[in-house]
Amino acid sequence: MARSSAPRSRARKPQARPETPQSLGFRMPAEWEPHEATWLAWPHHTEDWPGKFAAIPWVVAEMVRYLHRHELVRLVAGNARQEQRASRVLDRAGVDLSRVEFHRFPTDRSWLRDSGPIFVTNGSELGATCWRFNAWTRYNNWEKDSLVARKIADSARARAWRPRWRNRPVVLEGGSIDVNGCGTLITTEECLLGDKQVRNRGMDREDYEQIFAEYFGVRKVLWLGSGIAGDDTGGHVDDLARFVGPRTVVTVIETNRGDENYQLLIENFRRLREMTDQDGRPLEVVELPMPRPLFFDGYRLPASYANFYVANQVVLVPTFNDPNDRTALGILGKLFPDRAVVGIHCVDLVWGFGTIHCSTQQQPKAKHQSPERE
């Protein structure tokens, strides 16, 4: 029998799926888990605080003064001149500069929660997810900030990933999410699914949940509705609701029925009361008050006690010269009995449309850092 002259068909080998943090056992830890360091950027963009900028470096110095007692502070300064200014202010504020590590990266703004990397770990190695940053789709000066995440990841010697969806880099800010470290993430529909400040056109709820699973090790996503009034990010959850324990969430509540926040915060509270964690267990929901509406130069500012930052042995909480300052500090003090809960005056800082959590980015402790890159 004659052998066929037709070419043989060769079975194609299936392409290997790219390694993701989840496939290598990485996860995003909760903020209260041990830190190696806190990253901040020295403020320099005066237009973020028109008429009030002179006070801002001193607010940041106060944050550093408390943080550096418990963990290393890694401070981004754009150049030698900024580093010198920062050193002078910090020294006058009583900061031990041996506990501050300077990194000279140029930035557009100082909101590292959103422009910096979001760190992950597998217990022994440090990883960093470096998302695309475009200034909340709102401002046109973001080119320098868009490079910061990878520079920080390299400085931290973290294994780095650039998340993509349909071959496009994914836009995500750290202030738009919060995790319990056990597999549950909380975010808002307004920020990620809304039609006003569109981060990733075409991405839907399921796409985000898949991305969060692959890059943060998340098994369940809790979707709240809208963020607070005055928030120029378009619904960041870190002004709204935060995990303070594996199954405990604090959420801000407005008691004045005439305030524009009243109905949307009630709706979010109702959703949380019906939600469960990654294992189907109901959440414990704790109410956190809102300060009275804060306006400056005709703008409603996003003043919220939910923008606190949990560091090693200390919790920094924004305060606003408001009667509810004491109430908020008391509630958070009970939720973090093993940490000092400290108020940081933020009436000036919030004029830049952010406060403490927006300024900080935690680097979790890992047994060793990896020089590998993806």
# chains A, B, ... in the order shown; residues from 1 in each chain; ligands from 1
call {"tool": "residues_around", "arguments": {"residues": "segment 75-82 of chain A", "least_positions_apart": "2", "cutoff": "12 Å", "atoms": "only C-alpha atoms", "output": "number ranges by chain"}}
result
A: 37-45, 57, 60-61, 63-64, 67-68, 72-73, 84-90, 97, 99-112, 116, 144-145, 148-149, 151-152, 155, 359-362
call {"tool": "closest_residue", "arguments": {"among": "A:Arg150, A:His35, A:His345, A:Arg300", "to": "Leu316 of chain A", "atoms": "only C-alpha atoms"}}
result
A:His345
call {"tool": "select_by_dssp", "arguments": {"residues": "segment 35-244 of chain A", "states": "alpha helix (DSSP H)", "output": "PyMOL selection string"}}
result
chain A and resi 56-67+80-92+112-115+148-155+189-193+205-216
call {"tool": "residues_around", "arguments": {"residues": "Leu240 of chain A", "least_positions_apart": "6", "cutoff": "6 Å", "atoms": "only C-alpha atoms", "output": "PyMOL selection string"}}
result
chain A and resi 251-252+306
call {"tool": "residues_around", "arguments": {"residues": "segment 219-233 of chain A", "least_positions_apart": "2", "cutoff": "7 Å", "atoms": "only C-alpha atoms", "output": "ChimeraX atom specification"}}
result
/A:136,183-190,209,213,217,235-237,239-240,260-261,264,268,271,278,300-302,353
call {"tool": "write_last_selection", "arguments": {"atoms": "N, CA and C atoms", "output": "mmCIF file, in the first residue's frame"}}
result
data_model
loop_
_atom_site.group_PDB
_atom_site.id
_atom_site.type_symbol
_atom_site.label_atom_id
_atom_site.label_comp_id
_atom_site.auth_asym_id
_atom_site.auth_seq_id
_atom_site.Cartn_x
_atom_site.Cartn_y
_atom_site.Cartn_z
ATOM 1 N N TRP A 136 -6.416 58.440 38.575
ATOM 2 C CA TRP A 136 -7.850 58.276 38.819
ATOM 3 C C TRP A 136 -8.689 58.712 37.612
ATOM 4 N N GLY A 183 -8.691 35.864 52.247
ATOM 5 C CA GLY A 183 -9.337 35.518 50.988
ATOM 6 C C GLY A 183 -10.513 36.381 50.610
ATOM 7 N N THR A 184 -10.817 37.416 51.387
ATOM 8 C CA THR A 184 -11.945 38.289 51.068
ATOM 9 C C THR A 184 -11.448 39.708 50.798
ATOM 10 N N LEU A 185 -11.994 40.307 49.757
ATOM 11 C CA LEU A 185 -11.664 41.673 49.352
ATOM 12 C C LEU A 185 -12.941 42.482 49.286
ATOM 13 N N ILE A 186 -12.833 43.753 49.658
ATOM 14 C CA ILE A 186 -13.984 44.648 49.607
ATOM 15 C C ILE A 186 -13.656 45.826 48.703
ATOM 16 N N THR A 187 -14.631 46.236 47.875
ATOM 17 C CA THR A 187 -14.458 47.349 46.950
ATOM 18 C C THR A 187 -15.811 47.980 46.677
ATOM 19 N N THR A 188 -15.865 48.929 45.728
ATOM 20 C CA THR A 188 -17.143 49.574 45.417
ATOM 21 C C THR A 188 -17.457 49.488 43.929
ATOM 22 N N GLU A 189 -18.739 49.420 43.643
ATOM 23 C CA GLU A 189 -19.201 49.425 42.259
ATOM 24 C C GLU A 189 -18.934 50.769 41.598
ATOM 25 N N GLU A 190 -19.096 51.855 42.352
ATOM 26 C CA GLU A 190 -18.878 53.174 41.775
ATOM 27 C C GLU A 190 -17.475 53.303 41.211
ATOM 28 N N GLU A 209 -13.069 40.057 39.566
ATOM 29 C CA GLU A 209 -12.945 38.996 40.561
ATOM 30 C C GLU A 209 -11.888 37.979 40.152
ATOM 31 N N ALA A 213 -8.404 37.274 42.189
ATOM 32 C CA ALA A 213 -8.025 35.914 42.578
ATOM 33 C C ALA A 213 -6.593 35.624 42.153
ATOM 34 N N GLY A 217 -4.795 36.410 45.543
ATOM 35 C CA GLY A 217 -5.209 35.193 46.228
ATOM 36 C C GLY A 217 -6.586 35.306 46.852
ATOM 37 N N GLY A 235 -15.064 56.958 44.475
ATOM 38 C CA GLY A 235 -15.585 55.822 45.215
ATOM 39 C C GLY A 235 -14.589 54.904 45.872
ATOM 40 N N HIS A 236 -13.437 55.406 46.290
ATOM 41 C CA HIS A 236 -12.479 54.536 46.980
ATOM 42 C C HIS A 236 -13.051 54.003 48.288
ATOM 43 N N VAL A 237 -12.801 52.726 48.523
ATOM 44 C CA VAL A 237 -13.372 52.070 49.696
ATOM 45 C C VAL A 237 -12.651 52.462 50.976
ATOM 46 N N ASP A 239 -12.156 55.231 52.254
ATOM 47 C CA ASP A 239 -12.866 56.297 52.956
ATOM 48 C C ASP A 239 -14.226 55.818 53.447
ATOM 49 N N LEU A 240 -14.505 54.541 53.245
ATOM 50 C CA LEU A 240 -15.871 54.049 53.409
ATOM 51 C C LEU A 240 -15.985 52.880 54.390
ATOM 52 N N GLU A 260 -25.811 64.589 52.142
ATOM 53 C CA GLU A 260 -25.804 63.793 50.910
ATOM 54 C C GLU A 260 -25.196 62.400 51.107
ATOM 55 N N ASN A 261 -24.448 62.206 52.184
ATOM 56 C CA ASN A 261 -23.893 60.889 52.459
ATOM 57 C C ASN A 261 -24.893 59.944 53.122
ATOM 58 N N LEU A 264 -26.567 56.879 50.950
ATOM 59 C CA LEU A 264 -25.620 55.939 50.357
ATOM 60 C C LEU A 264 -24.862 55.147 51.425
ATOM 61 N N ASN A 268 -24.854 51.007 52.017
ATOM 62 C CA ASN A 268 -23.657 50.184 52.173
ATOM 63 C C ASN A 268 -23.694 49.387 53.476
ATOM 64 N N ARG A 271 -25.923 46.405 53.003
ATOM 65 C CA ARG A 271 -25.263 45.351 52.230
ATOM 66 C C ARG A 271 -24.297 44.556 53.106
ATOM 67 N N GLN A 278 -15.153 34.645 53.092
ATOM 68 C CA GLN A 278 -14.803 33.627 52.095
ATOM 69 C C GLN A 278 -15.274 32.233 52.495
ATOM 70 N N ARG A 300 -16.517 70.409 48.946
ATOM 71 C CA ARG A 300 -16.753 69.388 49.966
ATOM 72 C C ARG A 300 -15.540 68.464 49.979
ATOM 73 N N LEU A 301 -14.946 68.270 51.142
ATOM 74 C CA LEU A 301 -13.741 67.460 51.259
ATOM 75 C C LEU A 301 -14.077 66.063 51.780
ATOM 76 N N PRO A 302 -13.307 65.057 51.363
ATOM 77 C CA PRO A 302 -13.598 63.667 51.758
ATOM 78 C C PRO A 302 -13.065 63.338 53.147
ATOM 79 N N PHE A 353 -7.579 66.176 49.128
ATOM 80 C CA PHE A 353 -8.545 65.111 48.834
ATOM 81 C C PHE A 353 -8.044 63.726 49.233
#
call {"tool": "residues_around", "arguments": {"residues": "segment 347-350 of chain A", "least_positions_apart": "2", "cutoff": "8 Å", "atoms": "only C-alpha atoms", "output": "PyMOL selection string"}}
result
chain A and resi 49+52+55-56+59+301-303+319-321+345+352-355
call {"tool": "write_last_selection", "arguments": {"atoms": "N, CA and C atoms", "output": "tab-separated table (two decimals), in the first residue's frame"}}
result
chain	number	residue	atom	x	y	z
A	49	TRP	N	-2.57	71.39	47.41
A	49	TRP	CA	-3.00	72.08	48.63
A	49	TRP	C	-2.87	73.60	48.46
A	52	LYS	N	-2.43	76.12	51.40
A	52	LYS	CA	-2.20	75.40	52.66
A	52	LYS	C	-0.95	74.54	52.62
A	55	ALA	N	1.76	73.76	55.59
A	55	ALA	CA	1.48	72.89	56.74
A	55	ALA	C	1.67	71.41	56.44
A	56	ILE	N	1.65	71.04	55.18
A	56	ILE	CA	1.57	69.62	54.81
A	56	ILE	C	2.83	68.84	55.19
A	59	VAL	N	2.56	67.68	58.72
A	59	VAL	CA	1.61	66.59	58.96
A	59	VAL	C	2.28	65.26	58.64
A	301	LEU	N	-14.95	68.27	51.14
A	301	LEU	CA	-13.74	67.46	51.26
A	301	LEU	C	-14.08	66.06	51.78
A	302	PRO	N	-13.31	65.06	51.36
A	302	PRO	CA	-13.60	63.67	51.76
A	302	PRO	C	-13.06	63.34	53.15
A	303	ALA	N	-13.56	64.05	54.15
A	303	ALA	CA	-13.12	63.81	55.53
A	303	ALA	C	-13.80	62.54	56.05
A	319	THR	N	-7.96	63.07	62.18
A	319	THR	CA	-8.92	63.82	62.99
A	319	THR	C	-9.13	65.19	62.36
A	320	PHE	N	-10.28	65.82	62.72
A	320	PHE	CA	-10.73	66.99	61.97
A	320	PHE	C	-11.26	68.11	62.87
A	321	ASN	N	-10.74	68.21	64.10
A	321	ASN	CA	-11.26	69.22	65.05
A	321	ASN	C	-12.77	69.10	65.19
A	345	HIS	N	-3.90	65.27	63.15
A	345	HIS	CA	-4.71	66.39	62.67
A	345	HIS	C	-4.62	66.49	61.15
A	352	GLY	N	-6.08	68.21	50.12
A	352	GLY	CA	-5.54	67.52	48.94
A	352	GLY	C	-6.38	66.33	48.52
A	353	PHE	N	-7.58	66.18	49.13
A	353	PHE	CA	-8.54	65.11	48.83
A	353	PHE	C	-8.04	63.73	49.23
A	354	GLY	N	-7.26	63.68	50.30
A	354	GLY	CA	-6.82	62.41	50.86
A	354	GLY	C	-6.21	62.66	52.22
A	355	THR	N	-6.07	61.60	53.02
A	355	THR	CA	-5.42	61.77	54.32
A	355	THR	C	-4.40	60.64	54.54
